[in-house]
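Peer 1: Contents of run_17.txt (compact mmCIF, C-alpha atoms) are given next:
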# COMPACT_ATOMS: atom_id res chain seq x y z
CA MET A 1 -1.26 5.10 20.35
CA ASN A 2 2.24 5.72 19.03
CA VAL A 3 2.47 4.40 15.46
CA TYR A 4 6.16 3.54 15.79
CA ASP A 5 5.51 1.46 18.93
CA LYS A 6 2.77 -0.40 17.06
CA LEU A 7 5.09 -1.08 14.11
CA GLN A 8 7.75 -2.38 16.48
CA SER A 9 5.25 -4.66 18.25
CA LEU A 10 4.31 -6.09 14.83
CA GLY A 11 7.98 -6.65 13.97
CA ILE A 12 7.79 -4.22 11.06
CA GLN A 13 10.87 -2.27 10.08
CA LEU A 14 10.04 0.50 7.62
CA PRO A 15 11.90 0.59 4.32
CA ALA A 16 13.28 3.79 2.88
CA ALA A 17 10.99 5.49 0.40
CA SER A 18 11.35 3.93 -3.04
CA VAL A 19 13.11 5.85 -5.77
CA PRO A 20 10.73 6.46 -8.69
CA ALA A 21 11.35 4.25 -11.71
CA ALA A 22 9.88 6.81 -14.13
CA SER A 23 8.93 10.50 -14.32
CA TYR A 24 6.88 11.05 -11.17
CA ALA A 25 7.24 12.03 -7.53
CA PRO A 26 6.81 9.38 -4.82
CA PHE A 27 4.42 11.73 -3.02
CA VAL A 28 2.88 15.18 -3.33
CA ARG A 29 1.43 17.24 -0.52
CA SER A 30 -1.52 19.53 -1.25
CA GLY A 31 -2.79 21.33 1.83
CA ASN A 32 -3.41 18.71 4.50
CA LEU A 33 -3.49 15.82 2.03
CA ILE A 34 -0.57 13.66 0.96
CA PHE A 35 -0.99 11.73 -2.28
CA LEU A 36 1.30 8.70 -2.58
CA SER A 37 2.09 7.40 -6.04
CA GLY A 38 1.37 3.76 -6.77
CA HIS A 39 3.71 1.29 -5.09
CA LEU A 40 4.34 -2.08 -6.73
CA ALA A 41 4.36 -5.30 -4.74
CA ARG A 42 7.85 -6.49 -3.82
CA ARG A 43 9.13 -9.74 -2.37
CA ASP A 44 12.72 -10.16 -1.20
CA GLY A 45 13.57 -6.74 -2.65
CA GLN A 46 12.36 -7.63 -6.15
CA ILE A 47 9.12 -6.88 -7.98
CA TRP A 48 6.59 -9.58 -7.09
CA VAL A 49 5.67 -10.72 -10.59
CA GLY A 50 2.56 -12.70 -11.51
CA ARG A 51 -1.20 -12.74 -11.89
CA LEU A 52 -3.88 -13.52 -9.40
CA GLY A 53 -5.84 -16.48 -10.66
CA ALA A 54 -2.84 -17.79 -12.64
CA GLY A 55 -0.17 -18.92 -10.22
CA ILE A 56 -0.81 -16.51 -7.35
CA SER A 57 -3.54 -17.37 -4.84
CA THR A 58 -5.79 -14.97 -2.97
CA GLU A 59 -3.80 -15.62 0.23
CA GLN A 60 -0.51 -14.88 -1.53
CA GLY A 61 -2.12 -11.75 -2.98
CA LYS A 62 -3.06 -10.63 0.55
CA GLU A 63 0.60 -11.07 1.54
CA ALA A 64 1.62 -8.95 -1.46
CA ALA A 65 -0.90 -6.25 -0.48
CA ARG A 66 0.44 -6.24 3.08
CA ALA A 67 3.97 -5.83 1.73
CA VAL A 68 2.83 -2.89 -0.39
CA ALA A 69 1.19 -1.32 2.67
CA ILE A 70 4.51 -1.51 4.55
CA ASP A 71 6.22 0.27 1.65
CA LEU A 72 3.45 2.88 1.60
CA ILE A 73 3.91 3.49 5.33
CA GLY A 74 7.65 3.94 4.68
CA THR A 75 6.88 6.58 2.08
CA LEU A 76 4.38 8.25 4.43
CA HIS A 77 7.15 8.46 7.01
CA ALA A 78 9.42 10.11 4.43
CA ALA A 79 6.62 12.53 3.50
CA THR A 80 5.73 13.53 7.06
CA GLY A 81 8.81 12.87 9.19
CA ASP A 82 6.40 11.61 11.86
CA LEU A 83 3.72 9.00 11.24
CA ASN A 84 1.93 10.17 14.38
CA ALA A 85 1.00 13.30 12.39
CA ILE A 86 -1.35 11.21 10.24
CA VAL A 87 -4.92 12.27 11.00
CA GLN A 88 -6.55 9.76 8.65
CA ILE A 89 -5.75 7.31 5.90
CA VAL A 90 -8.36 8.65 3.50
CA LYS A 91 -8.31 6.37 0.46
CA LEU A 92 -6.59 3.38 -1.12
CA MET A 93 -6.75 2.43 -4.76
CA SER A 94 -5.63 -1.11 -5.44
CA LEU A 95 -4.85 -2.48 -8.89
CA VAL A 96 -4.63 -6.27 -8.99
CA ASN A 97 -2.99 -7.97 -11.97
CA SER A 98 -5.49 -10.76 -12.45
CA THR A 99 -7.07 -13.12 -14.92
CA ALA A 100 -10.45 -12.27 -16.43
CA ASP A 101 -12.21 -14.82 -14.22
CA PHE A 102 -10.53 -13.81 -10.92
CA THR A 103 -13.06 -11.97 -8.75
CA GLU A 104 -11.40 -11.63 -5.34
CA GLN A 105 -9.56 -8.33 -5.81
CA HIS A 106 -11.42 -6.98 -2.78
CA LEU A 107 -10.15 -9.83 -0.59
CA VAL A 108 -6.58 -9.43 -1.86
CA THR A 109 -6.67 -5.73 -1.01
CA ASN A 110 -7.71 -6.57 2.56
CA GLY A 111 -4.05 -7.43 3.15
CA ALA A 112 -3.24 -3.72 2.92
CA SER A 113 -6.43 -2.41 4.51
CA ASP A 114 -6.16 -4.68 7.53
CA LEU A 115 -2.55 -3.69 8.20
CA LEU A 116 -3.30 0.03 7.95
CA ALA A 117 -6.15 -0.35 10.45
CA GLU A 118 -3.92 -2.37 12.76
CA VAL A 119 -1.08 0.18 12.62
CA PHE A 120 -3.13 3.40 12.74
CA GLY A 121 -6.24 2.21 14.59
CA ASP A 122 -9.38 4.14 13.63
CA ARG A 123 -7.17 6.60 11.72
CA GLY A 124 -6.28 3.73 9.39
CA LYS A 125 -9.85 2.97 8.30
CA HIS A 126 -10.32 4.31 4.78
CA ALA A 127 -12.40 4.46 1.63
CA ARG A 128 -11.12 2.12 -1.06
CA SER A 129 -11.32 0.85 -4.61
CA ALA A 130 -10.00 -2.51 -5.82
CA PHE A 131 -9.71 -3.21 -9.54
CA GLY A 132 -8.65 -6.16 -11.61
CA VAL A 133 -6.33 -5.12 -14.44
CA ALA A 134 -4.84 -6.97 -17.41
CA GLN A 135 -1.24 -5.98 -16.61
CA LEU A 136 0.89 -3.72 -14.39
CA PRO A 137 4.35 -2.19 -14.85
CA LEU A 138 7.15 -4.76 -14.81
CA GLY A 139 4.59 -7.55 -14.51
CA ALA A 140 3.91 -6.77 -10.83
CA CYS A 141 1.04 -8.66 -9.25
CA MET A 142 -0.38 -5.51 -7.67
CA GLU A 143 -0.01 -1.78 -7.24
CA ILE A 144 -1.56 0.39 -4.54
CA GLU A 145 -1.76 4.16 -4.15
CA LEU A 146 -2.83 6.01 -1.02
CA ILE A 147 -4.15 9.38 0.12
CA ALA A 148 -3.59 10.47 3.73
CA GLN A 149 -4.58 13.53 5.75
CA VAL A 150 -2.05 15.12 8.08
CA GLY A 151 -2.44 17.71 10.82
CA GLU A 152 -1.56 21.33 10.22
I'd like the structure from this file rewritten - as structure tokens, please.
Peer 2:
Amino acid sequence: MNVYDKLQSLGIQLPAASVPAASYAPFVRSGNLIFLSGHLARRDGQIWVGRLGAGISTEQGKEAARAVAIDLIGTLHAATGDLNAIVQIVKLMSLVNSTADFTEQHLVTNGASDLLAEVFGDRGKHARSAFGVAQLPLGACMEIELIAQVGE
């Protein structure tokens, strides 16, 4: 399966890799692993601000996670030059800006996990953590980082 054909069939156009807003690299390659820095949720080109459980629903959170996954794929493209070189999406870590009583971080994060599996097939199935946090940079509703394995 060609990843670019799959993206096109889903109507997804990859964004350019985001420019870091602080002192960090958008990605680092170590051996066959690529570590992507956390990507904040964006909507209409702006940071998607808010908290799950206080104005943002689980379904909206899933949309935010899907949007982050698209940005992550864009950065993976910048890191590899060819998304078909991805051997495996190894791990996601999802930070969900949520109220103390919100307990559906795992369901929110499915928005990203499901898209990665749809785009990369079995290579997109990954280990994962999903955390609720009190706040994220710029008030973003979520941030996700990713580790991927590439071929030699």
Peer 1: Taking all atoms listed in the file into account, which of A:Leu76, A:Ile47, A:Leu40, A:Ala22 comes nearest A:Leu116?
Peer 2: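 Nearest to A:Leu116: A:Leu76.
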Peer 1: For stretch 120-130 of chain A, work out the shell of residues within 12 Å, counting only C-alpha atoms and skipping chain neighbours fewer than 3 positions away, then give it as a PyMOL selection string.
Peer 2: chain A and resi 1-7+65+69+73+83-98+103-117+133+142-150
Peer 1: Go ahead and write the selection's residues with C-alpha atoms as a CSV table (one decimal), in the frame of the given file.
Peer 2:
chain,number,residue,atom,x,y,z
A,1,MET,CA,-1.3,5.1,20.4
A,2,ASN,CA,2.2,5.7,19.0
A,3,VAL,CA,2.5,4.4,15.5
A,4,TYR,CA,6.2,3.5,15.8
A,5,ASP,CA,5.5,1.5,18.9
A,6,LYS,CA,2.8,-0.4,17.1
A,7,LEU,CA,5.1,-1.1,14.1
A,65,ALA,CA,-0.9,-6.2,-0.5
A,69,ALA,CA,1.2,-1.3,2.7
A,73,ILE,CA,3.9,3.5,5.3
A,83,LEU,CA,3.7,9.0,11.2
A,84,ASN,CA,1.9,10.2,14.4
A,85,ALA,CA,1.0,13.3,12.4
A,86,ILE,CA,-1.4,11.2,10.2
A,87,VAL,CA,-4.9,12.3,11.0
A,88,GLN,CA,-6.6,9.8,8.6
A,89,ILE,CA,-5.8,7.3,5.9
A,90,VAL,CA,-8.4,8.6,3.5
A,91,LYS,CA,-8.3,6.4,0.5
A,92,LEU,CA,-6.6,3.4,-1.1
A,93,MET,CA,-6.8,2.4,-4.8
A,94,SER,CA,-5.6,-1.1,-5.4
A,95,LEU,CA,-4.8,-2.5,-8.9
A,96,VAL,CA,-4.6,-6.3,-9.0
A,97,ASN,CA,-3.0,-8.0,-12.0
A,98,SER,CA,-5.5,-10.8,-12.4
A,103,THR,CA,-13.1,-12.0,-8.8
A,104,GLU,CA,-11.4,-11.6,-5.3
A,105,GLN,CA,-9.6,-8.3,-5.8
A,106,HIS,CA,-11.4,-7.0,-2.8
A,107,LEU,CA,-10.2,-9.8,-0.6
A,108,VAL,CA,-6.6,-9.4,-1.9
A,109,THR,CA,-6.7,-5.7,-1.0
A,110,ASN,CA,-7.7,-6.6,2.6
A,111,GLY,CA,-4.0,-7.4,3.2
A,112,ALA,CA,-3.2,-3.7,2.9
A,113,SER,CA,-6.4,-2.4,4.5
A,114,ASP,CA,-6.2,-4.7,7.5
A,115,LEU,CA,-2.6,-3.7,8.2
A,116,LEU,CA,-3.3,0.0,8.0
A,117,ALA,CA,-6.2,-0.4,10.4
A,133,VAL,CA,-6.3,-5.1,-14.4
A,142,MET,CA,-0.4,-5.5,-7.7
A,143,GLU,CA,0.0,-1.8,-7.2
A,144,ILE,CA,-1.6,0.4,-4.5
A,145,GLU,CA,-1.8,4.2,-4.2
A,146,LEU,CA,-2.8,6.0,-1.0
A,147,ILE,CA,-4.2,9.4,0.1
A,148,ALA,CA,-3.6,10.5,3.7
A,149,GLN,CA,-4.6,13.5,5.8
A,150,VAL,CA,-2.0,15.1,8.1
Peer 1: What is the distance between atom CA of A:Ala140 and atom CA of A:Ala41, in Å to one decimal?
Peer 2: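 Rounded to one decimal, the two atoms are 6.3 Å apart.
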Peer 1: Which is closer to A:Leu52 than all the others in A:Ala21, A:Ala78, A:Leu138, A:Ala64, using all atoms listed in the file?
Peer 2: A:Ala64
Peer 1: So, counting only C-alpha atoms, which residue among A:Thr80, A:Ser37, A:Thr99, A:Thr75 is closest to A:Pro15?
Peer 2: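 Smallest distance to A:Pro15 is found for A:Thr75.
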Peer 1: Out of A:Gly31, A:Ala54, A:Asp71, A:Val49, which residue has the shortest atom-to-atom distance to A:Ser18 when counting all atoms listed in the file?
Peer 2: A:Asp71
Peer 1: State, in Å with one decimal place, the distance from atom CA of A:Ile12 to atom CA of A:Arg42.
Peer 2: 15.1 Å
Peer 1: Quick check, in Å to one decimal: how far apart do atom CA of A:Gly151 and atom CA of A:Arg29 lie?
Peer 2: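 Computing it gives 12.0 Å between the two atoms.
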Peer 1: Pick out the closest residue to A:Ala67 from this set: A:Leu14, A:Val19, A:Ala134, A:Leu36. Count all atoms listed in the file.
Peer 2: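 Ranked by minimum distance to A:Ala67, first place goes to A:Leu14.
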Peer 1: Which residue out of A:Leu72, A:Gly139, A:Leu33, A:Phe102 has the minimum interatomic distance to A:Ser57 when all atoms listed in the file are used?
Peer 2: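 Under the stated criterion, the closest residue is A:Phe102.
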Peer 1: Could you give me the centre and size, in Å to one decimal, of an axis-aligned box around all listed atoms of stretch 59-78 of chain A with 8 Å added on every side, as AutoDock Vina command-line options?
Peer 2:
--center_x 2.8 --center_y -2.8 --center_z 2.0 --size_x 29.2 --size_y 41.7 --size_z 26.0
